[in-house]
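Asks: query_21.cif is the file, holding mmCIF, C-alpha atoms and all ligand atoms:
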data_start
loop_
_atom_site.label_atom_id
_atom_site.label_comp_id
_atom_site.auth_asym_id
_atom_site.auth_seq_id
_atom_site.Cartn_x
_atom_site.Cartn_y
_atom_site.Cartn_z
CA MET A 1 18.95 7.16 -12.26
CA ALA A 2 20.75 7.12 -8.92
CA TYR A 3 21.11 9.91 -6.40
CA LYS A 4 23.77 11.07 -3.99
CA VAL A 5 22.28 11.02 -0.50
CA ALA A 6 23.68 12.62 2.66
CA VAL A 7 22.35 11.62 6.10
CA VAL A 8 23.01 14.34 8.69
CA GLY A 9 22.73 13.02 12.27
CA ALA A 10 23.70 9.54 11.07
CA THR A 11 24.88 8.41 14.51
CA GLY A 12 21.56 9.26 16.18
CA ASN A 13 18.40 7.21 16.68
CA VAL A 14 16.71 8.55 13.57
CA GLY A 15 19.86 8.73 11.42
CA ARG A 16 20.77 5.07 12.05
CA GLU A 17 17.22 4.08 11.16
CA MET A 18 17.48 6.15 7.97
CA LEU A 19 20.59 4.27 6.91
CA SER A 20 18.97 0.92 7.53
CA ILE A 21 15.74 1.87 5.70
CA LEU A 22 17.69 3.23 2.70
CA ALA A 23 19.43 -0.16 2.45
CA GLU A 24 16.26 -2.20 3.13
CA ARG A 25 14.21 -0.41 0.46
CA ARG A 26 17.13 -0.43 -2.01
CA PHE A 27 16.86 3.31 -2.41
CA PRO A 28 18.40 4.29 -5.77
CA ALA A 29 21.53 5.86 -4.27
CA SER A 30 24.78 6.27 -6.17
CA GLU A 31 26.46 7.16 -2.87
CA VAL A 32 25.35 7.49 0.76
CA VAL A 33 27.34 9.79 3.04
CA ALA A 34 26.99 9.61 6.84
CA LEU A 35 27.47 12.93 8.62
CA ALA A 36 27.40 13.89 12.29
CA SER A 37 29.21 16.22 14.67
CA ARG A 38 32.97 16.44 14.87
CA ARG A 39 32.79 14.13 17.92
CA SER A 40 31.79 11.23 15.67
CA GLN A 41 34.21 11.86 12.80
CA GLY A 42 35.85 8.59 11.68
CA LEU A 43 33.39 6.28 13.48
CA ASP A 44 32.27 3.18 11.58
CA ILE A 45 28.54 2.93 10.97
CA SER A 46 26.45 0.20 9.31
CA PHE A 47 24.76 0.78 6.00
CA GLY A 48 23.13 -2.51 4.99
CA ASP A 49 25.94 -5.06 4.75
CA ALA A 50 28.53 -2.32 4.35
CA ILE A 51 30.34 -0.16 6.87
CA ILE A 52 30.82 3.53 6.14
CA LYS A 53 32.91 6.12 7.95
CA VAL A 54 31.16 9.05 9.58
CA LYS A 55 32.28 12.47 8.35
CA ALA A 56 31.95 15.81 10.11
CA LEU A 57 29.08 17.97 8.85
CA GLU A 58 31.08 21.17 9.19
CA ASN A 59 33.81 19.97 6.80
CA PHE A 60 31.57 18.43 4.17
CA ASP A 61 31.05 19.97 0.72
CA PHE A 62 27.45 19.34 -0.40
CA THR A 63 28.11 20.18 -4.05
CA GLY A 64 26.65 17.33 -6.12
CA THR A 65 24.44 16.01 -3.29
CA ASP A 66 20.86 15.42 -4.48
CA ILE A 67 19.06 14.63 -1.22
CA CYS A 68 19.99 15.50 2.35
CA LEU A 69 18.11 13.61 5.06
CA MET A 70 18.53 15.81 8.10
CA SER A 71 18.03 14.62 11.69
CA ALA A 72 20.37 16.55 13.93
CA GLY A 73 17.93 18.77 15.82
CA SER A 74 16.51 22.26 15.29
CA ALA A 75 19.62 24.35 15.91
CA VAL A 76 21.69 22.40 13.39
CA SER A 77 18.85 22.45 10.86
CA LYS A 78 18.26 26.17 11.25
CA GLU A 79 21.89 26.90 10.44
CA TRP A 80 22.63 24.17 7.89
CA SER A 81 19.47 23.41 5.89
CA PRO A 82 19.52 26.70 3.92
CA LYS A 83 23.26 26.34 3.25
CA ILE A 84 22.81 22.76 2.02
CA ALA A 85 19.79 23.72 -0.12
CA ALA A 86 21.84 26.56 -1.61
CA LYS A 87 24.27 23.92 -2.88
CA GLY A 88 21.41 22.32 -4.86
CA ALA A 89 20.30 19.49 -2.57
CA ILE A 90 16.71 19.03 -1.41
CA VAL A 91 16.75 18.86 2.39
CA ILE A 92 14.18 16.64 4.12
CA ASP A 93 14.30 17.76 7.73
CA ASN A 94 13.14 15.93 10.85
CA SER A 95 13.44 18.78 13.33
CA SER A 96 10.56 21.08 14.24
CA HIS A 97 12.38 24.19 12.99
CA TRP A 98 10.84 24.50 9.47
CA ARG A 99 7.52 22.71 9.94
CA MET A 100 5.27 25.74 10.27
CA ASP A 101 7.17 27.89 7.71
CA ARG A 102 4.63 28.83 5.00
CA GLU A 103 7.22 28.21 2.28
CA VAL A 104 8.11 24.73 3.54
CA PRO A 105 5.80 21.82 2.77
CA LEU A 106 5.04 19.58 5.76
CA VAL A 107 4.49 16.15 4.31
CA VAL A 108 3.18 12.71 5.15
CA PRO A 109 3.11 10.99 1.74
CA GLU A 110 -0.05 8.91 2.40
CA VAL A 111 -1.88 12.13 3.29
CA ASN A 112 -0.66 15.17 1.31
CA ALA A 113 2.14 14.23 -1.13
CA ALA A 114 0.50 16.51 -3.72
CA VAL A 115 1.72 19.62 -1.86
CA LEU A 116 5.22 18.78 -3.08
CA GLU A 117 4.28 19.84 -6.60
CA GLY A 118 5.83 23.25 -7.15
CA GLN A 119 6.07 24.17 -3.50
CA ILE A 120 9.66 23.42 -2.53
CA LYS A 121 10.60 27.09 -2.65
CA LYS A 122 13.33 26.99 -0.02
CA GLY A 123 14.64 23.58 -1.08
CA ILE A 124 13.52 22.28 2.31
CA ILE A 125 10.72 19.81 3.10
CA ALA A 126 9.67 19.18 6.69
CA ASN A 127 8.79 15.88 8.29
CA PRO A 128 6.16 16.19 11.03
CA ASN A 129 6.47 15.38 14.68
CA CYS A 130 6.46 11.61 15.25
CA SER A 131 3.10 11.64 17.05
CA THR A 132 1.50 13.74 14.30
CA ALA A 133 2.68 11.44 11.49
CA GLN A 134 0.93 8.33 12.78
CA LEU A 135 -2.15 10.33 13.80
CA VAL A 136 -2.76 11.84 10.34
CA VAL A 137 -2.17 8.50 8.59
CA ALA A 138 -5.09 7.11 10.62
CA LEU A 139 -7.30 10.22 10.35
CA LYS A 140 -7.01 11.02 6.63
CA PRO A 141 -9.05 8.07 5.23
CA LEU A 142 -11.82 8.77 7.76
CA HIS A 143 -11.78 12.52 7.05
CA ASP A 144 -12.24 11.81 3.33
CA VAL A 145 -15.50 10.00 4.07
CA ALA A 146 -17.06 11.87 7.02
CA LYS A 147 -15.47 15.28 7.61
CA ILE A 148 -13.68 15.40 10.98
CA LYS A 149 -14.75 18.20 13.34
CA ARG A 150 -12.70 17.51 16.41
CA VAL A 151 -9.96 15.19 17.67
CA VAL A 152 -9.02 14.50 21.29
CA VAL A 153 -5.71 12.68 21.50
CA SER A 154 -3.59 11.45 24.40
CA THR A 155 -0.17 10.05 23.62
CA TYR A 156 1.98 7.39 25.27
CA GLN A 157 5.37 8.28 23.77
CA SER A 158 8.48 6.13 23.97
CA VAL A 159 11.81 7.47 25.19
CA SER A 160 13.50 6.95 21.79
CA GLY A 161 11.51 9.99 20.64
CA ALA A 162 13.83 12.07 22.82
CA GLY A 163 17.05 10.72 21.28
CA LYS A 164 19.65 8.13 22.11
CA GLU A 165 20.66 9.73 25.45
CA ALA A 166 17.07 9.43 26.63
CA MET A 167 17.07 5.70 25.88
CA ASP A 168 20.26 5.32 27.93
CA GLU A 169 18.60 7.24 30.78
CA LEU A 170 15.65 4.82 30.92
CA PHE A 171 18.06 1.89 30.86
CA ARG A 172 20.30 3.32 33.62
CA GLN A 173 17.36 4.31 35.85
CA THR A 174 15.70 0.90 35.45
CA ARG A 175 18.95 -0.79 36.45
CA ALA A 176 19.44 1.64 39.34
CA VAL A 177 16.00 0.76 40.74
CA PHE A 178 16.90 -2.95 40.78
CA VAL A 179 20.31 -2.51 42.39
CA ALA A 180 19.14 0.30 44.73
CA ASP A 181 21.49 2.92 43.25
CA PRO A 182 20.47 6.60 43.31
CA ILE A 183 18.28 7.64 40.36
CA GLU A 184 20.02 10.19 38.16
CA LYS A 185 18.00 12.49 35.91
CA GLY A 186 19.31 14.01 32.68
CA LYS A 187 16.98 14.41 29.69
CA PHE A 188 13.77 13.90 31.66
CA THR A 189 12.43 16.24 34.33
CA LYS A 190 11.28 13.37 36.57
CA GLN A 191 12.22 9.71 36.96
CA ILE A 192 11.07 7.90 33.79
CA ALA A 193 11.75 4.31 34.89
CA PHE A 194 8.53 2.80 36.34
CA ASN A 195 6.78 6.15 35.85
CA VAL A 196 4.94 8.30 33.28
CA ILE A 197 5.61 12.01 32.68
CA PRO A 198 2.90 14.36 31.29
CA HIS A 199 5.47 16.82 29.97
CA ILE A 200 7.19 16.71 26.56
CA ASP A 201 9.08 19.78 25.29
CA VAL A 202 8.66 23.17 26.98
CA PHE A 203 5.54 24.70 28.56
CA LEU A 204 3.76 27.46 26.61
CA ASP A 205 1.73 30.36 28.02
CA SER A 206 -1.48 28.52 27.06
CA GLY A 207 -0.67 25.76 29.59
CA TYR A 208 -0.09 23.25 26.80
CA THR A 209 3.38 21.90 26.11
CA LYS A 210 5.09 22.60 22.80
CA GLU A 211 4.74 18.92 21.85
CA GLU A 212 0.97 19.20 22.32
CA TRP A 213 0.87 22.45 20.32
CA LYS A 214 2.87 20.79 17.53
CA MET A 215 0.32 17.99 17.26
CA MET A 216 -2.51 20.52 17.01
CA VAL A 217 -1.01 22.87 14.41
CA GLU A 218 0.79 20.23 12.35
CA THR A 219 -2.41 18.16 11.98
CA GLN A 220 -4.16 21.28 10.73
CA LYS A 221 -1.37 22.13 8.27
CA ILE A 222 -1.19 18.58 6.87
CA LEU A 223 -4.83 17.54 6.93
CA ASP A 224 -7.28 20.44 7.27
CA PRO A 225 -7.06 23.82 9.05
CA ASP A 226 -10.70 23.45 10.18
CA ILE A 227 -10.08 20.36 12.31
CA GLN A 228 -9.98 21.15 16.03
CA VAL A 229 -7.33 19.13 17.86
CA VAL A 230 -6.63 18.95 21.58
CA ALA A 231 -3.65 16.87 22.71
CA THR A 232 -2.11 15.60 25.94
CA CYS A 233 1.40 14.26 25.40
CA VAL A 234 2.86 11.81 27.89
CA ARG A 235 6.27 10.12 28.03
CA VAL A 236 6.15 6.46 29.09
CA PRO A 237 8.95 3.99 29.94
CA VAL A 238 8.85 2.21 26.56
CA PHE A 239 11.98 2.16 24.40
CA VAL A 240 10.46 2.29 20.90
CA GLY A 241 6.90 2.87 19.63
CA HIS A 242 4.40 5.62 20.29
CA SER A 243 0.78 4.83 21.20
CA GLU A 244 -2.20 7.16 21.01
CA SER A 245 -5.71 7.11 22.38
CA VAL A 246 -7.69 9.01 19.72
CA THR A 247 -11.30 10.16 19.91
CA VAL A 248 -12.73 11.63 16.71
CA GLU A 249 -15.96 13.57 16.18
CA PHE A 250 -17.37 13.73 12.63
CA GLU A 251 -19.80 16.06 10.89
CA THR A 252 -21.74 13.13 9.41
CA ALA A 253 -22.45 9.56 10.44
CA LEU A 254 -19.63 7.02 10.39
CA SER A 255 -20.09 3.75 12.25
CA ALA A 256 -17.22 1.92 13.92
CA GLU A 257 -17.75 -0.95 11.45
CA ARG A 258 -17.46 1.36 8.44
CA ALA A 259 -14.39 3.08 9.96
CA ARG A 260 -12.79 -0.35 10.37
CA THR A 261 -13.48 -1.21 6.72
CA ILE A 262 -12.12 2.14 5.48
CA LEU A 263 -8.97 1.83 7.60
CA ARG A 264 -8.36 -1.75 6.39
CA GLU A 265 -8.00 -0.37 2.86
CA ALA A 266 -6.03 2.78 3.77
CA PRO A 267 -2.40 3.20 2.69
CA GLY A 268 0.12 2.72 5.50
CA VAL A 269 -2.51 1.40 7.94
CA LEU A 270 -2.90 -2.10 9.37
CA VAL A 271 -6.02 -2.80 11.39
CA VAL A 272 -5.63 -5.32 14.21
CA ASP A 273 -8.92 -5.19 16.05
CA LYS A 274 -10.31 -8.33 17.61
CA ARG A 275 -12.29 -7.91 20.78
CA GLU A 276 -10.35 -10.60 22.61
CA ASP A 277 -7.11 -11.07 24.56
CA GLU A 278 -4.16 -9.95 22.38
CA GLY A 279 -6.52 -8.70 19.67
CA TYR A 280 -4.80 -5.30 19.50
CA ILE A 281 -1.28 -3.92 18.94
CA THR A 282 1.15 -2.66 21.57
CA PRO A 283 4.39 -0.73 20.92
CA ILE A 284 6.61 -3.81 21.28
CA GLU A 285 4.89 -5.35 18.25
CA ALA A 286 5.01 -2.12 16.22
CA ALA A 287 8.76 -1.55 16.80
CA GLY A 288 10.75 -2.26 13.65
CA GLU A 289 7.62 -2.22 11.47
CA ASP A 290 6.51 0.32 8.87
CA ALA A 291 2.75 0.34 9.43
CA THR A 292 0.56 2.56 11.53
CA TYR A 293 -1.53 0.06 13.48
CA VAL A 294 -5.12 0.80 14.45
CA SER A 295 -6.90 -1.21 17.14
CA ARG A 296 -9.83 -0.85 19.56
CA ILE A 297 -12.13 0.96 17.06
CA ARG A 298 -15.43 1.65 18.84
CA LYS A 299 -18.30 4.12 18.91
CA ASP A 300 -17.98 7.17 21.14
CA PRO A 301 -21.41 7.19 22.80
CA THR A 302 -21.02 10.77 24.14
CA VAL A 303 -21.46 12.50 20.74
CA GLU A 304 -23.80 11.98 17.78
CA TYR A 305 -21.11 10.92 15.31
CA GLY A 306 -17.87 9.76 16.85
CA ILE A 307 -15.42 6.91 17.31
CA SER A 308 -12.49 6.15 19.59
CA MET A 309 -9.45 4.14 18.55
CA TRP A 310 -5.92 3.11 19.55
CA VAL A 311 -3.12 4.04 17.15
CA VAL A 312 0.43 2.65 17.45
CA SER A 313 3.53 3.05 15.28
CA ASP A 314 7.32 2.89 15.41
CA ASN A 315 8.24 6.53 16.08
CA LEU A 316 11.72 6.14 14.60
CA ARG A 317 10.30 4.71 11.37
CA LYS A 318 6.91 6.17 10.34
CA GLY A 319 7.43 8.95 12.88
CA ALA A 320 10.74 10.00 11.35
CA ALA A 321 13.14 8.00 9.14
CA LEU A 322 10.64 6.04 7.02
CA ASN A 323 8.47 9.09 6.39
CA ALA A 324 11.52 11.09 5.26
CA ILE A 325 12.58 8.34 2.85
CA GLN A 326 9.02 7.99 1.53
CA ILE A 327 9.14 11.74 0.79
CA ALA A 328 12.40 11.23 -1.13
CA GLU A 329 10.80 8.35 -3.07
CA GLU A 330 7.82 10.58 -3.82
CA LEU A 331 10.16 13.29 -5.18
CA ILE A 332 11.70 10.73 -7.51
CA ALA A 333 8.32 9.33 -8.62
CA ARG A 334 7.04 12.84 -9.34
CA LYS A 335 10.30 13.80 -11.10
CA LEU A 336 10.75 16.69 -8.69
CA LEU A 337 14.29 16.06 -7.66
CA LYS A 338 16.22 17.71 -10.45
CA GLY A 339 15.38 21.36 -11.01
CA ALA A 340 12.68 21.31 -8.34
CA ARG A 341 13.18 24.99 -7.64
N1 LIG A 401 13.35 10.19 17.72
C1 LIG A 401 12.17 10.42 17.15
O1 LIG A 401 11.18 9.68 17.30
C2 LIG A 401 12.01 11.59 16.28
C3 LIG A 401 10.87 11.70 15.54
C4 LIG A 401 10.69 12.80 14.72
C5 LIG A 401 11.68 13.74 14.67
N2 LIG A 401 12.81 13.62 15.41
C6 LIG A 401 13.82 14.65 15.31
O2 LIG A 401 14.96 14.15 14.65
C7 LIG A 401 16.13 14.80 15.14
C8 LIG A 401 17.13 13.78 15.65
O3 LIG A 401 16.54 12.98 16.66
P1 LIG A 401 17.26 11.69 17.26
O4 LIG A 401 16.24 11.06 18.10
O5 LIG A 401 17.93 10.89 16.18
O6 LIG A 401 18.41 12.37 18.16
P2 LIG A 401 19.79 11.75 18.72
O7 LIG A 401 19.67 10.27 18.85
O8 LIG A 401 20.13 12.54 19.91
O9 LIG A 401 20.86 12.07 17.56
C9 LIG A 401 21.25 13.37 17.23
C10 LIG A 401 22.15 13.34 15.99
O10 LIG A 401 22.47 14.68 15.63
C11 LIG A 401 23.89 14.79 15.50
N3 LIG A 401 24.35 16.14 15.85
C12 LIG A 401 24.16 16.80 17.01
N4 LIG A 401 24.76 18.01 16.96
C13 LIG A 401 25.35 18.09 15.73
C14 LIG A 401 26.13 19.08 15.07
N5 LIG A 401 26.45 20.25 15.65
N6 LIG A 401 26.54 18.82 13.80
C15 LIG A 401 26.25 17.67 13.20
N7 LIG A 401 25.53 16.68 13.77
C16 LIG A 401 25.08 16.89 15.03
C17 LIG A 401 24.42 13.77 16.48
O11 LIG A 401 25.76 13.48 16.16
P3 LIG A 401 26.83 13.02 17.30
O12 LIG A 401 26.54 11.57 17.57
O13 LIG A 401 28.12 13.23 16.62
O14 LIG A 401 26.58 13.90 18.49
C18 LIG A 401 23.46 12.61 16.22
O15 LIG A 401 23.85 11.95 15.02
C19 LIG A 401 15.62 15.77 16.18
O16 LIG A 401 15.41 17.02 15.54
C20 LIG A 401 14.31 15.19 16.62
O17 LIG A 401 13.44 16.15 17.12
C21 LIG A 401 13.00 12.56 16.21
#
Once more with this new file: its structure as structure tokens, please.

Replies:
Amino acid sequence: MAYKVAVVGATGNVGREMLSILAERRFPASEVVALASRRSQGLDISFGDAIIKVKALENFDFTGTDICLMSAGSAVSKEWSPKIAAKGAIVIDNSSHWRMDREVPLVVPEVNAAVLEGQIKKGIIANPNCSTAQLVVALKPLHDVAKIKRVVVSTYQSVSGAGKEAMDELFRQTRAVFVADPIEKGKFTKQIAFNVIPHIDVFLDSGYTKEEWKMMVETQKILDPDIQVVATCVRVPVFVGHSESVTVEFETALSAERARTILREAPGVLVVDKREDEGYITPIEAAGEDATYVSRIRKDPTVEYGISMWVVSDNLRKGAALNAIQIAEELIARKLLKGAR
């Protein structure tokens, strides 16, 4: 069986990655359609060894489309996902718009694929925030063994998480520093080149940013509503790959050694944890890879049962495109694609 797949936002960071992962994993597609805004209509875009022409979303008829991988931001998803689902396609959306909707499953296949069974009421499935995806992949196998009470996480998020314009901004600012040109800001509120910015998405009344709030509530929706999460989200001048410092408190004993053993066997996780120079993963090594890497696993001596660890993943892959395609593969494996609603 082969499926007709539409990629909305195909010219963006996540959309391009989706096209390359669909080709890499030989996704059973009878046809792949690349869609973006009218600005990109007619552009050539790579899909494996082939080149396909970008079409405009607003002119496309979704009749006969089985899966729509959506990565064009919240406003586009809000308007288009219900219309596309009404045509019979299952929409797997990367924006934050549908994630906390009670009728929309929020899925990381290694963690909670079972929620897909009978719960795709709106024909829409949400992909979590990039920082949440890699966090829950690392937390789930530990939570299964020693219930997690509390998580303190600080992120070091790459600029690709803010889209292709943000990557260009880091590049231009870095160049401007070297040639003594004025620094121009666009996507970021402060200079990002040679700097770090503790501000991602808008500020909320609580004093947290929306990115931090998303990590807290999405982790609870995917993993367990009883887990307390506090997050600090920071943008760093890295092009691809998000890193996280994660401190976890458990209800029962779990040694660092046992956590390392559990994580070595966990789906989607690769442990690289030698207490020596280069014995850990940094974002440059995670970029282009599928795994969520866990390093620096050690006891937290400030609580009775706790560990700290370092979690790194490619935000465009596990944080977005790969996770979405894994959801599509899960729908096929569970025979949920046809007549899912
Ligand atoms: N980057 C990440 O790590 C990450 C992780 C998780 C989730 N996400 C989410 O994924 C989405 C896309 O992110 P991105 O990083 O790929 O952004 P991006 O690089 O800025 O790309 C945005 C894409 O959306 C398309 N688009 C914009 N307005 C459109 C419209 N009116 N109609 C049709 N297409 C339109 C753009 O097409 P044009 O080129 O024609 O403008 C482009 O293909 C966002 O919702 C983001 O929050 C991103």

Asks: Counting all atoms listed in the file, what is within 8 Å of Val236 in chain A, bar same-chain residues fewer than 4 positions away, as a list in words?

Replies: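 That gives Tyr156, Gln157, Ser158, Val159, Ile192, Asn195, Val196 and Ile197 of chain A.
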
Asks: Pull C-alpha atoms from the residues just selected and write them as a short mmCIF file (atom, residue, chain, number, x, y, z; two decimals), in the frame of the given file.

Replies:
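Contents of the output file selection_39.cif:
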data_model
loop_
_atom_site.label_atom_id
_atom_site.label_comp_id
_atom_site.auth_asym_id
_atom_site.auth_seq_id
_atom_site.Cartn_x
_atom_site.Cartn_y
_atom_site.Cartn_z
CA TYR A 156 1.98 7.39 25.27
CA GLN A 157 5.37 8.28 23.77
CA SER A 158 8.48 6.13 23.97
CA VAL A 159 11.81 7.47 25.19
CA ILE A 192 11.07 7.90 33.79
CA ASN A 195 6.78 6.15 35.85
CA VAL A 196 4.94 8.30 33.28
CA ILE A 197 5.61 12.01 32.68
#

Asks: How many Å separate CA of Ala86 in chain A from CA of Gly123 in chain A?

Replies: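 Result for CA of Ala86 in chain A versus CA of Gly123 in chain A: 7.8 Å, one decimal.
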
Asks: Which residues are near ligand LIG 401 (chain A) in this structure, taking near to mean any atom at most 7 Å from a ligand atom and counting all atoms listed in the file? Format them as a PyMOL selection string.

Replies: chain A and resi 8-15+35-40+56-58+71-74+76+94-96+128-130+160-165+315-316+319-320

Asks: Using only C-alpha atoms, give me every residue within 6 Å of (15.8, 3.8, 11.2) in file coordinates, as a PyMOL selection string.

Replies: chain A and resi 14+16-18+20-21+316-317+321

Asks: Using only C-alpha atoms, which residues sit within 12 Å of Leu337 in chain A once same-chain residues fewer than 2 positions away are excluded, as a PyMOL selection string?

Replies: chain A and resi 1-5+65-68+88-92+116-118+120+123-125+327-335+339-341

Asks: So what do you get for CA of Ile200 in chain A versus CA of Ala75 in chain A, distance-wise?

Replies: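 Taking CA of Ile200 in chain A and CA of Ala75 in chain A, their separation equals 18.1 Å.
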
Asks: Find the residues with any atom within 6 Å of (-11.3, 11.3, 11.5); use only C-alpha atoms and the coordinates as given in the file, and write the answer as a list of chain:residue names.

Replies: A:Leu139, A:Leu142, A:His143, A:Ile148, A:Val248

Asks: Selected residues, C-alpha atoms, written as a PDB file, in the frame of the given file, please.

Replies:
ATOM      1  CA  LEU A 139      -7.300  10.220  10.350  1.00  0.00           C
ATOM      2  CA  LEU A 142     -11.820   8.770   7.760  1.00  0.00           C
ATOM      3  CA  HIS A 143     -11.780  12.520   7.050  1.00  0.00           C
ATOM      4  CA  ILE A 148     -13.680  15.400  10.980  1.00  0.00           C
ATOM      5  CA  VAL A 248     -12.730  11.630  16.710  1.00  0.00           C
TER       6      VAL A 248
END

Asks: Could you jot down the CA of Glu265 in chain A to CA of Val312 in chain A separation for me, Å, one decimal place?

Replies: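 Straight-line distance from CA of Glu265 in chain A to CA of Val312 in chain A works out to 17.1 Å.
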
Asks: Can you pull out the residues contacting range 298-301 of chain A? Cut-off 12 Å, using all atoms listed in the file, and skip same-chain residues under 3 positions away; I want them as a list in words.

Replies: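 Close residues of range 298-301 of chain A: Val151, Val152, Ser245, Val246, Thr247, Val248, Glu249, Phe250, Ala253, Leu254, Ser255, Ala256, Glu257, Arg258, Ala259, Arg260, Asp273, Lys274, Arg275, Val294, Ser295, Glu304, Tyr305, Gly306, Ile307, Ser308, Met309 and Trp310 of chain A.
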
Asks: Just checking: using all atoms listed in the file, which residue out of A:Asp205, A:Asp144, A:Glu110, A:Asp44 ends up closest to Thr252 in chain A?

Replies: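 With all atoms listed in the file as the atom set, the closest residue is A:Asp144.
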
Asks: Which polymer residues have any atom within 6 Å of an atom of range 287-289 of chain A, counting all atoms listed in the file, with same-chain residues fewer than 6 positions away left out, as a PDB file with C-alpha atoms, in the coordinates of the input?

Replies:
ATOM      1  CA  VAL A 240      10.460   2.290  20.900  1.00  0.00           C
ATOM      2  CA  GLY A 241       6.900   2.870  19.630  1.00  0.00           C
ATOM      3  CA  ASP A 314       7.320   2.890  15.410  1.00  0.00           C
TER       4      ASP A 314
END

Asks: Would you pick out the contacts of Ile222 in chain A at 7 Å or less, using all atoms listed in the file, so that residues sharing its chain but fewer than 2 positions from it are not included, and give the list as a ChimeraX atom specification?

Replies: /A:106-107,112,218-220,224

Asks: How about saving the chosen residues, C-alpha atoms kept, as an mmCIF file, in the frame of the given file?

Replies:
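Output below, filename result32.cif:
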data_model
loop_
_atom_site.group_PDB
_atom_site.id
_atom_site.type_symbol
_atom_site.label_atom_id
_atom_site.label_comp_id
_atom_site.auth_asym_id
_atom_site.auth_seq_id
_atom_site.Cartn_x
_atom_site.Cartn_y
_atom_site.Cartn_z
ATOM 1 C CA LEU A 106 5.040 19.580 5.760
ATOM 2 C CA VAL A 107 4.490 16.150 4.310
ATOM 3 C CA ASN A 112 -0.660 15.170 1.310
ATOM 4 C CA GLU A 218 0.790 20.230 12.350
ATOM 5 C CA THR A 219 -2.410 18.160 11.980
ATOM 6 C CA GLN A 220 -4.160 21.280 10.730
ATOM 7 C CA ASP A 224 -7.280 20.440 7.270
#

Asks: Ranking A:Ser46, A:Phe194, A:Gln41, A:Glu211 by minimum distance to Asn59 in chain A and counting all atoms listed in the file, which one comes first?

Replies: A:Gln41

Asks: Save N, CA, C and O atoms of range 301-311 of chain A from the block above as a short mmCIF file (atom, residue, chain, number, x, y, z; two decimals), in the first residue's frame.

Replies:
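Listing of selection.cif after writing:
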data_model
loop_
_atom_site.label_atom_id
_atom_site.label_comp_id
_atom_site.auth_asym_id
_atom_site.auth_seq_id
_atom_site.Cartn_x
_atom_site.Cartn_y
_atom_site.Cartn_z
N PRO A 301 23.30 15.12 44.23
CA PRO A 301 23.50 14.89 45.66
C PRO A 301 22.60 15.75 46.54
O PRO A 301 22.60 15.57 47.76
N THR A 302 21.78 16.64 45.95
CA THR A 302 20.98 17.56 46.77
C THR A 302 19.61 16.99 47.13
O THR A 302 18.87 17.60 47.90
N VAL A 303 19.23 15.84 46.53
CA VAL A 303 17.95 15.21 46.87
C VAL A 303 18.20 13.73 47.16
O VAL A 303 19.27 13.20 46.84
N GLU A 304 17.18 13.06 47.75
CA GLU A 304 17.39 11.66 48.12
C GLU A 304 17.55 10.78 46.87
O GLU A 304 18.47 9.97 46.76
N TYR A 305 16.62 10.94 45.93
CA TYR A 305 16.67 10.13 44.71
C TYR A 305 16.68 11.06 43.49
O TYR A 305 15.63 11.57 43.11
N GLY A 306 17.83 11.26 42.91
CA GLY A 306 17.85 12.16 41.76
C GLY A 306 19.09 11.98 40.91
O GLY A 306 20.13 11.52 41.38
N ILE A 307 18.95 12.32 39.61
CA ILE A 307 20.11 12.32 38.72
C ILE A 307 20.08 13.61 37.88
O ILE A 307 19.04 14.25 37.72
N SER A 308 21.26 13.95 37.37
CA SER A 308 21.36 15.02 36.37
C SER A 308 21.92 14.41 35.10
O SER A 308 22.69 13.44 35.15
N MET A 309 21.55 14.98 33.96
CA MET A 309 22.08 14.46 32.68
C MET A 309 22.05 15.56 31.62
O MET A 309 21.46 16.62 31.81
N TRP A 310 22.71 15.27 30.51
CA TRP A 310 22.85 16.19 29.38
C TRP A 310 22.21 15.51 28.17
O TRP A 310 22.59 14.39 27.82
N VAL A 311 21.20 16.18 27.58
CA VAL A 311 20.42 15.55 26.51
C VAL A 311 20.53 16.40 25.25
O VAL A 311 20.25 17.61 25.29
#
